[in-house]
file protein-v9.txt (compact mmCIF, C-alpha atoms)
# COMPACT_ATOMS: atom_id res chain seq x y z
CA MET A 1 -10.53 -61.19 -20.79
CA VAL A 2 -7.29 -62.42 -22.31
CA ARG A 3 -6.14 -66.02 -22.62
CA ILE A 4 -3.05 -66.85 -20.59
CA PRO A 5 -1.44 -69.98 -22.05
CA GLY A 6 -0.34 -72.76 -19.76
CA GLY A 7 3.27 -73.61 -19.16
CA ALA A 8 6.09 -74.06 -16.69
CA PHE A 9 8.08 -71.15 -15.23
CA LEU A 10 10.44 -70.23 -12.43
CA MET A 11 8.48 -68.57 -9.65
CA GLY A 12 10.05 -66.26 -7.09
CA SER A 13 13.30 -64.34 -6.79
CA GLU A 14 16.50 -64.63 -4.75
CA ASP A 15 17.52 -60.99 -5.31
CA PHE A 16 15.08 -58.86 -3.32
CA TYR A 17 12.87 -59.80 -0.36
CA PRO A 18 13.04 -63.01 1.72
CA ASP A 19 9.39 -63.93 1.18
CA GLU A 20 10.02 -64.29 -2.57
CA ARG A 21 12.26 -67.30 -1.95
CA PRO A 22 12.98 -69.99 -2.91
CA VAL A 23 12.94 -69.81 -6.70
CA HIS A 24 11.18 -72.96 -7.84
CA GLU A 25 9.51 -74.34 -10.94
CA ARG A 26 5.73 -74.24 -11.20
CA ASP A 27 3.29 -75.51 -13.80
CA VAL A 28 0.32 -73.36 -14.78
CA ALA A 29 -2.74 -74.53 -16.67
CA ALA A 30 -4.18 -72.17 -19.27
CA PHE A 31 -6.72 -69.71 -17.89
CA ASP A 32 -8.52 -66.50 -18.78
CA LEU A 33 -7.69 -63.26 -16.96
CA ASP A 34 -9.31 -59.84 -16.93
CA ARG A 35 -7.37 -57.57 -19.26
CA HIS A 36 -7.23 -54.89 -16.58
CA PRO A 37 -8.13 -54.43 -12.91
CA VAL A 38 -11.83 -54.09 -12.17
CA THR A 39 -12.74 -50.43 -12.61
CA ASN A 40 -15.01 -48.15 -10.62
CA GLU A 41 -17.49 -48.29 -13.49
CA GLU A 42 -17.57 -52.09 -13.44
CA PHE A 43 -17.81 -52.29 -9.66
CA ALA A 44 -20.64 -49.75 -9.67
CA ALA A 45 -22.60 -52.00 -12.05
CA PHE A 46 -22.18 -54.88 -9.61
CA VAL A 47 -23.35 -52.78 -6.66
CA THR A 48 -26.34 -51.45 -8.62
CA ASP A 49 -27.37 -54.96 -9.58
CA THR A 50 -26.91 -56.58 -6.17
CA GLY A 51 -27.10 -53.82 -3.56
CA TYR A 52 -23.81 -55.05 -2.15
CA VAL A 53 -22.24 -53.01 0.67
CA THR A 54 -18.47 -53.22 1.00
CA ILE A 55 -16.71 -53.87 4.28
CA ALA A 56 -15.37 -50.30 4.35
CA GLU A 57 -18.96 -49.03 4.25
CA ARG A 58 -20.20 -51.24 7.11
CA GLY A 59 -18.08 -50.10 10.02
CA LEU A 60 -16.64 -52.31 12.75
CA ASP A 61 -18.52 -54.49 15.21
CA ALA A 62 -18.21 -53.11 18.74
CA ALA A 63 -18.41 -56.65 20.14
CA GLU A 64 -15.30 -57.63 18.18
CA PHE A 65 -13.42 -54.41 18.92
CA PRO A 66 -14.47 -53.43 22.46
CA ASN A 67 -11.49 -51.12 22.98
CA LEU A 68 -12.26 -48.84 20.04
CA SER A 69 -14.17 -45.58 20.37
CA PRO A 70 -17.40 -44.94 18.42
CA ALA A 71 -15.41 -42.76 16.01
CA GLU A 72 -12.97 -45.59 15.40
CA LEU A 73 -15.83 -48.03 14.80
CA ALA A 74 -17.35 -45.81 12.10
CA PRO A 75 -17.15 -46.94 8.46
CA GLY A 76 -13.91 -45.95 6.77
CA SER A 77 -10.67 -47.15 5.26
CA MET A 78 -6.94 -46.49 5.04
CA VAL A 79 -5.96 -43.59 2.77
CA PHE A 80 -2.48 -42.71 1.54
CA THR A 81 -1.53 -39.13 2.46
CA PRO A 82 1.70 -37.55 1.14
CA THR A 83 3.95 -36.07 3.80
CA PRO A 84 5.26 -32.47 3.73
CA GLY A 85 8.84 -33.71 3.47
CA PRO A 86 11.20 -36.60 4.20
CA VAL A 87 10.18 -39.00 6.97
CA ASP A 88 11.42 -42.22 8.56
CA LEU A 89 10.53 -44.84 5.95
CA SER A 90 10.30 -47.54 8.59
CA ASP A 91 7.15 -45.93 10.03
CA TRP A 92 4.23 -46.39 7.64
CA ARG A 93 1.99 -44.34 9.95
CA ALA A 94 3.64 -41.22 8.57
CA TRP A 95 1.80 -41.56 5.26
CA TRP A 96 -1.22 -43.74 6.01
CA ARG A 97 -4.27 -42.46 7.87
CA TRP A 98 -7.54 -44.03 8.92
CA GLN A 99 -10.17 -41.95 7.14
CA PRO A 100 -13.80 -42.20 8.29
CA GLY A 101 -16.09 -42.22 5.28
CA ALA A 102 -13.45 -43.46 2.83
CA SER A 103 -14.72 -46.20 0.54
CA TRP A 104 -14.73 -47.20 -3.10
CA ARG A 105 -17.28 -44.43 -3.70
CA HIS A 106 -15.18 -41.84 -1.85
CA PRO A 107 -11.53 -42.83 -2.38
CA GLN A 108 -10.08 -39.92 -0.39
CA GLY A 109 -12.93 -39.69 2.10
CA PRO A 110 -16.05 -37.49 2.28
CA GLY A 111 -16.14 -34.92 -0.49
CA SER A 112 -14.23 -37.08 -2.98
CA GLY A 113 -15.90 -39.17 -5.66
CA ILE A 114 -15.41 -41.39 -8.69
CA ASP A 115 -17.27 -39.47 -11.40
CA GLU A 116 -13.94 -38.51 -12.95
CA ARG A 117 -12.40 -41.91 -12.14
CA LEU A 118 -14.75 -44.37 -13.77
CA ARG A 119 -11.89 -45.97 -15.71
CA HIS A 120 -9.60 -46.09 -12.67
CA PRO A 121 -9.24 -49.32 -10.68
CA VAL A 122 -11.73 -49.67 -7.85
CA VAL A 123 -9.98 -49.40 -4.47
CA HIS A 124 -10.88 -49.80 -0.78
CA VAL A 125 -12.14 -53.31 -1.52
CA ALA A 126 -11.46 -56.04 1.04
CA PHE A 127 -10.94 -59.67 0.09
CA ALA A 128 -14.61 -60.57 0.64
CA ASP A 129 -15.67 -57.65 -1.58
CA ALA A 130 -13.45 -58.88 -4.40
CA GLU A 131 -14.76 -62.44 -4.01
CA ALA A 132 -18.36 -61.21 -4.09
CA TYR A 133 -17.77 -59.32 -7.33
CA ALA A 134 -16.01 -62.32 -8.91
CA ALA A 135 -18.91 -64.63 -8.03
CA TRP A 136 -21.40 -62.15 -9.50
CA ALA A 137 -19.34 -61.98 -12.70
CA GLY A 138 -19.13 -65.78 -12.98
CA LYS A 139 -15.40 -65.69 -12.38
CA ARG A 140 -12.93 -66.14 -9.51
CA LEU A 141 -9.84 -64.47 -8.12
CA PRO A 142 -6.52 -65.58 -9.62
CA THR A 143 -4.05 -67.58 -7.60
CA GLU A 144 -0.67 -66.11 -6.74
CA VAL A 145 0.99 -68.47 -9.23
CA GLU A 146 -1.38 -67.42 -12.01
CA HIS A 147 -0.85 -63.72 -11.36
CA GLU A 148 2.94 -64.02 -11.34
CA PHE A 149 2.95 -66.14 -14.50
CA ALA A 150 0.69 -63.67 -16.32
CA ALA A 151 2.70 -60.65 -15.10
CA GLN A 152 5.91 -62.12 -16.51
CA GLY A 153 4.32 -62.03 -19.94
CA GLY A 154 6.39 -64.98 -21.10
CA ALA A 155 9.70 -63.33 -20.10
CA SER A 156 10.66 -65.64 -17.23
CA GLY A 157 14.04 -64.91 -15.66
CA THR A 158 14.08 -61.11 -15.79
CA ARG A 159 13.84 -58.96 -12.66
CA TYR A 160 11.05 -56.79 -14.02
CA ALA A 161 8.24 -57.71 -16.36
CA TRP A 162 10.00 -55.86 -19.19
CA GLY A 163 13.65 -56.75 -18.46
CA ASP A 164 16.32 -56.11 -15.84
CA ASP A 165 16.21 -52.31 -15.94
CA PRO A 166 13.41 -50.78 -13.83
CA PHE A 167 13.24 -47.73 -16.11
CA PRO A 168 14.68 -48.60 -19.52
CA GLY A 169 15.84 -45.43 -21.22
CA GLY A 170 14.59 -43.52 -18.18
CA ILE A 171 10.97 -44.26 -19.15
CA PRO A 172 8.51 -45.77 -16.61
CA GLN A 173 6.88 -48.95 -17.89
CA ALA A 174 4.13 -49.03 -15.25
CA HIS A 175 2.37 -46.64 -12.87
CA THR A 176 4.76 -46.52 -9.92
CA TRP A 177 6.15 -43.77 -7.69
CA ILE A 178 8.42 -41.32 -9.50
CA GLY A 179 10.27 -38.93 -7.20
CA HIS A 180 11.08 -39.12 -3.49
CA PHE A 181 8.70 -41.19 -1.38
CA PRO A 182 6.34 -40.29 0.26
CA TYR A 183 6.34 -36.54 -0.32
CA ASP A 184 7.51 -35.83 -3.88
CA ALA A 185 5.31 -37.52 -6.50
CA ARG A 186 6.47 -36.41 -9.94
CA GLY A 187 4.47 -38.83 -12.10
CA ASP A 188 1.50 -37.82 -14.22
CA PHE A 189 -0.96 -39.06 -11.58
CA GLY A 190 0.93 -38.21 -8.42
CA GLY A 191 0.30 -40.67 -5.63
CA GLY A 192 -3.13 -41.64 -6.95
CA THR A 193 -4.36 -44.28 -9.35
CA ALA A 194 -4.24 -44.01 -13.15
CA PRO A 195 -6.85 -45.00 -15.72
CA VAL A 196 -6.45 -48.66 -16.60
CA GLY A 197 -4.40 -49.24 -19.73
CA THR A 198 -2.41 -46.01 -19.42
CA TYR A 199 0.73 -48.09 -19.96
CA PRO A 200 1.26 -50.62 -22.78
CA PRO A 201 -0.04 -54.20 -22.54
CA ASN A 202 2.27 -57.14 -22.03
CA ALA A 203 2.72 -59.99 -24.49
CA TYR A 204 -0.57 -61.56 -23.38
CA GLY A 205 -2.52 -58.34 -23.92
CA ALA A 206 -3.01 -57.66 -20.19
CA VAL A 207 -2.38 -54.24 -18.65
CA ASP A 208 -1.52 -53.02 -15.16
CA LEU A 209 -0.42 -56.41 -13.87
CA ILE A 210 2.48 -54.35 -12.57
CA GLY A 211 1.85 -51.04 -10.80
CA ASN A 212 -1.29 -48.90 -10.40
CA VAL A 213 -2.86 -51.02 -7.62
CA TRP A 214 -1.92 -54.10 -5.66
CA GLU A 215 -4.26 -56.96 -6.56
CA TRP A 216 -5.86 -59.60 -4.34
CA THR A 217 -5.15 -63.26 -5.03
CA SER A 218 -6.89 -66.28 -3.55
CA ASP A 219 -3.78 -67.58 -1.77
CA TYR A 220 -3.03 -67.33 1.93
CA TYR A 221 0.23 -65.57 2.70
CA THR A 222 3.23 -67.45 4.05
CA PRO A 223 6.65 -65.88 4.79
CA ARG A 224 8.26 -67.91 2.03
CA HIS A 225 7.10 -69.97 -0.91
CA LEU A 226 5.86 -73.41 0.03
CA ARG A 227 6.64 -76.53 -1.91
CA LEU A 228 4.57 -79.69 -1.83
CA SER A 229 6.88 -81.20 0.78
CA ASP A 230 6.60 -78.21 3.13
CA ARG A 231 4.28 -78.11 6.11
CA PRO A 232 1.63 -75.37 5.89
CA VAL A 233 2.26 -72.19 7.86
CA ASP A 234 -0.56 -70.57 9.82
CA ALA A 235 -1.09 -67.40 7.78
CA GLY A 236 -3.08 -65.87 10.62
CA ARG A 237 0.05 -65.61 12.75
CA ARG A 238 2.02 -63.69 10.15
CA THR A 239 2.70 -60.09 11.18
CA ASN A 240 1.80 -57.65 8.42
CA LEU A 241 3.17 -54.11 8.39
CA LEU A 242 0.08 -52.66 6.73
CA ALA A 243 -2.63 -54.95 8.06
CA THR A 244 -1.82 -54.08 11.66
CA ALA A 245 -3.42 -50.72 10.94
CA SER A 246 -6.84 -52.37 10.95
CA ALA A 247 -6.40 -55.37 13.24
CA GLU A 248 -6.52 -54.82 16.96
CA PRO A 249 -3.70 -56.70 18.75
CA GLY A 250 -4.88 -60.13 19.80
CA PHE A 251 -7.18 -60.69 16.83
CA ARG A 252 -6.09 -63.22 14.27
CA THR A 253 -7.03 -62.08 10.79
CA PRO A 254 -5.98 -64.31 7.89
CA ARG A 255 -3.67 -62.71 5.37
CA ARG A 256 -3.89 -63.13 1.60
CA VAL A 257 -1.23 -62.49 -0.99
CA LEU A 258 -1.29 -59.23 -2.93
CA LYS A 259 0.57 -59.14 -6.25
CA GLY A 260 1.79 -56.61 -8.79
CA GLY A 261 2.85 -53.62 -6.71
CA SER A 262 1.10 -50.26 -6.82
CA GLN A 263 1.42 -46.56 -7.55
CA LEU A 264 3.23 -46.26 -4.20
CA CYS A 265 6.11 -48.60 -5.08
CA ALA A 266 9.30 -46.53 -5.06
CA MET A 267 12.91 -47.59 -5.64
CA GLU A 268 13.96 -46.13 -2.28
CA TYR A 269 11.17 -47.78 -0.33
CA CYS A 270 9.26 -50.63 -1.97
CA VAL A 271 10.86 -52.31 -4.98
CA ARG A 272 7.83 -54.52 -5.44
CA PHE A 273 6.71 -53.52 -8.91
CA ARG A 274 7.96 -56.88 -10.16
CA PRO A 275 6.19 -60.16 -11.05
CA ALA A 276 7.91 -62.06 -8.21
CA ALA A 277 7.04 -59.46 -5.55
CA ARG A 278 4.31 -60.18 -3.02
CA SER A 279 2.76 -58.58 0.03
CA PRO A 280 0.57 -59.90 2.88
CA GLN A 281 -2.72 -58.19 3.53
CA ALA A 282 -5.42 -58.80 6.14
CA GLU A 283 -8.61 -60.07 4.51
CA ASP A 284 -10.71 -57.41 6.21
CA THR A 285 -8.64 -54.45 5.07
CA GLY A 286 -9.12 -52.43 1.91
CA MET A 287 -6.84 -49.49 1.21
CA SER A 288 -6.47 -46.72 -1.36
CA HIS A 289 -3.84 -48.68 -3.32
CA ILE A 290 -5.49 -52.14 -3.39
CA GLY A 291 -7.75 -53.42 -6.14
CA PHE A 292 -8.26 -56.72 -7.97
CA ARG A 293 -9.00 -58.46 -11.24
CA CYS A 294 -10.72 -61.76 -11.97
CA ALA A 295 -9.75 -65.04 -13.60
CA ARG A 296 -11.72 -67.89 -15.14
CA ASP A 297 -10.94 -71.52 -15.84
CA VAL A 298 -10.61 -72.56 -19.46
call {"tool": "encode", "arguments": {"input": "protein-v9.txt", "output": "C-alpha cells"}}
result
Amino acid sequence: MVRIPGGAFLMGSEDFYPDERPVHERDVAAFDLDRHPVTNEEFAAFVTDTGYVTIAERGLDAAEFPNLSPAELAPGSMVFTPTPGPVDLSDWRAWWRWQPGASWRHPQGPGSGIDERLRHPVVHVAFADAEAYAAWAGKRLPTEVEHEFAAQGGASGTRYAWGDDPFPGGIPQAHTWIGHFPYDARGDFGGGTAPVGTYPPNAYGAVDLIGNVWEWTSDYYTPRHLRLSDRPVDAGRRTNLLATASAEPGFRTPRRVLKGGSQLCAMEYCVRFRPAARSPQAEDTGMSHIGFRCARDV
C-alpha cells in the first residue's frame, strides 16, 4: 500500500458531467491505499483461502426475478463486445451482452481464463464481492472522496490527473480507449484490461487510479455532490444506464459510486478518465470493466 497524505482539495468539476457538480472543498485524513487494483492473482488467493463464491457465479433467485427464463437466471455477467462498425452511442446494448458463465475466472465467458492475466485487475466483482475481499484482507473500500483525492496526485485544479491535456504530446497516460468507440480499439490491449502498473505511478506512488478498470467505492451514488446542508437523496431511485442491464424494472437496487474510468473511456463517448469523474453502478452488478482496490485507516 502507499500512504496518501491528508489535506484539503477541491472536489468535483463544472466542465463535464452534471453529477460532478458542484465543485466544493473537502478535507481528507491521511490513509493507506492499495498501490494498484486487486489483481486476479490476489483475488484467487482470497477465494482459495475462504471458498468465497462471487455473485456472478451464483446465478439469480427465481423468486426475486419471476419473469426471467431459466437461461436468464443462470450465473453470468455483463461482457463488453466490440461492434463490427459505428453504432448509435446512446444505446449501450450495442456493445454490452449478458454472457452466461462469465465471471472473474472466465472474463469473456466459458473458454476464457486468467492464467495469462494474473497481474490484470480482477473484474466481474459486485460490490459485496469487493467488500468481502477487503474484510478478509483487513482493509476496507475507499470512499469517493479518498479515491478522487488520491487520483489527483496532489495536482488539484487540473482536468486530468496529469494536467489539462488528455494526451500530452499525443501519448496516453492511462489505459483508456484509443481509436473509434466501440469498434476500433488501437491501444496495446484493445478493449481489454492491462497488467497493473503498465502506466507510470502518480506522485503518491499509486497506479491505475485512472483508466484500466472502474473501481468500487463505499459511497452511495447521488446525481450531484452533497454538502452537509443537503438532504440525502435516495440512491435506489437513481436510474443507471449500465445497471439497468441487470435490474428488472420495479426492483430497487442501491447504486454505489465507481471512480477512475476504465479501458472503455473514449473521448467521443465517455470522457470519464479523470479524477472528478464518477459513475453509478448497481451493487449487484459486476462487469468486465469494473474492479476495485482497498484502503486502510492510518
call {"tool": "closest_atom_pairs", "arguments": {"input": "protein-v9.txt", "of": "segment 83-179 of chain A", "to": "segment 19-31 of chain A", "cutoff": "10 Å", "atoms": "all atoms listed in the file", "output": "Markdown table"}}
result
| residue | atom | partner | partner_atom | distance |
| --- | --- | --- | --- | --- |
| A:Pro142 | CA | A:Phe31 | CA | 9.2 |
| A:Val145 | CA | A:Val28 | CA | 7.4 |
| A:Glu146 | CA | A:Val28 | CA | 6.8 |
| A:Phe149 | CA | A:Val28 | CA | 7.7 |
| A:Ala150 | CA | A:Phe31 | CA | 9.7 |
call {"tool": "atom_distance", "arguments": {"input": "protein-v9.txt", "atom1": "atom CA of Val123 of chain A", "atom2": "atom CA of Val213 of chain A"}}
result
8.0 Å
call {"tool": "closest_residue", "arguments": {"input": "protein-v9.txt", "among": "A:His106, A:Arg224, A:Lys259, A:Arg117", "to": "Phe292 of chain A", "atoms": "only C-alpha atoms"}}
result
A:Lys259
call {"tool": "closest_atom_pairs", "arguments": {"input": "protein-v9.txt", "of": "segment 5-119 of chain A", "to": "segment 177-194 of chain A", "cutoff": "10 Å", "atoms": "only C-alpha atoms", "output": "Markdown table"}}
result
| residue | atom | partner | partner_atom | distance |
| --- | --- | --- | --- | --- |
| A:Phe80 | CA | A:Gly191 | CA | 8.0 |
| A:Thr81 | CA | A:Pro182 | CA | 8.3 |
| A:Pro82 | CA | A:Tyr183 | CA | 5.0 |
| A:Thr83 | CA | A:Tyr183 | CA | 4.8 |
| A:Pro84 | CA | A:Tyr183 | CA | 5.8 |
| A:Gly85 | CA | A:Tyr183 | CA | 5.4 |
| A:Pro86 | CA | A:Tyr183 | CA | 6.6 |
| A:Val87 | CA | A:Pro182 | CA | 7.8 |
| A:Asp88 | CA | A:Pro182 | CA | 9.9 |
| A:Leu89 | CA | A:Phe181 | CA | 8.4 |
| A:Trp92 | CA | A:Pro182 | CA | 9.8 |
| A:Ala94 | CA | A:Pro182 | CA | 8.8 |
| A:Trp95 | CA | A:Pro182 | CA | 6.9 |
| A:Pro107 | CA | A:Gly192 | CA | 9.6 |
| A:Gln108 | CA | A:Gly192 | CA | 9.7 |
| A:Arg117 | CA | A:Ala194 | CA | 8.5 |
| A:Arg119 | CA | A:Ala194 | CA | 8.3 |
call {"tool": "closest_residue", "arguments": {"input": "protein-v9.txt", "among": "A:Ser112, A:Asn212, A:Thr39, A:Ser77", "to": "Pro100 of chain A", "atoms": "all atoms listed in the file"}}
result
A:Ser77
call {"tool": "atom_distance", "arguments": {"input": "protein-v9.txt", "atom1": "atom CA of Val298 of chain A", "atom2": "atom CA of Asn40 of chain A"}}
result
26.3 Å
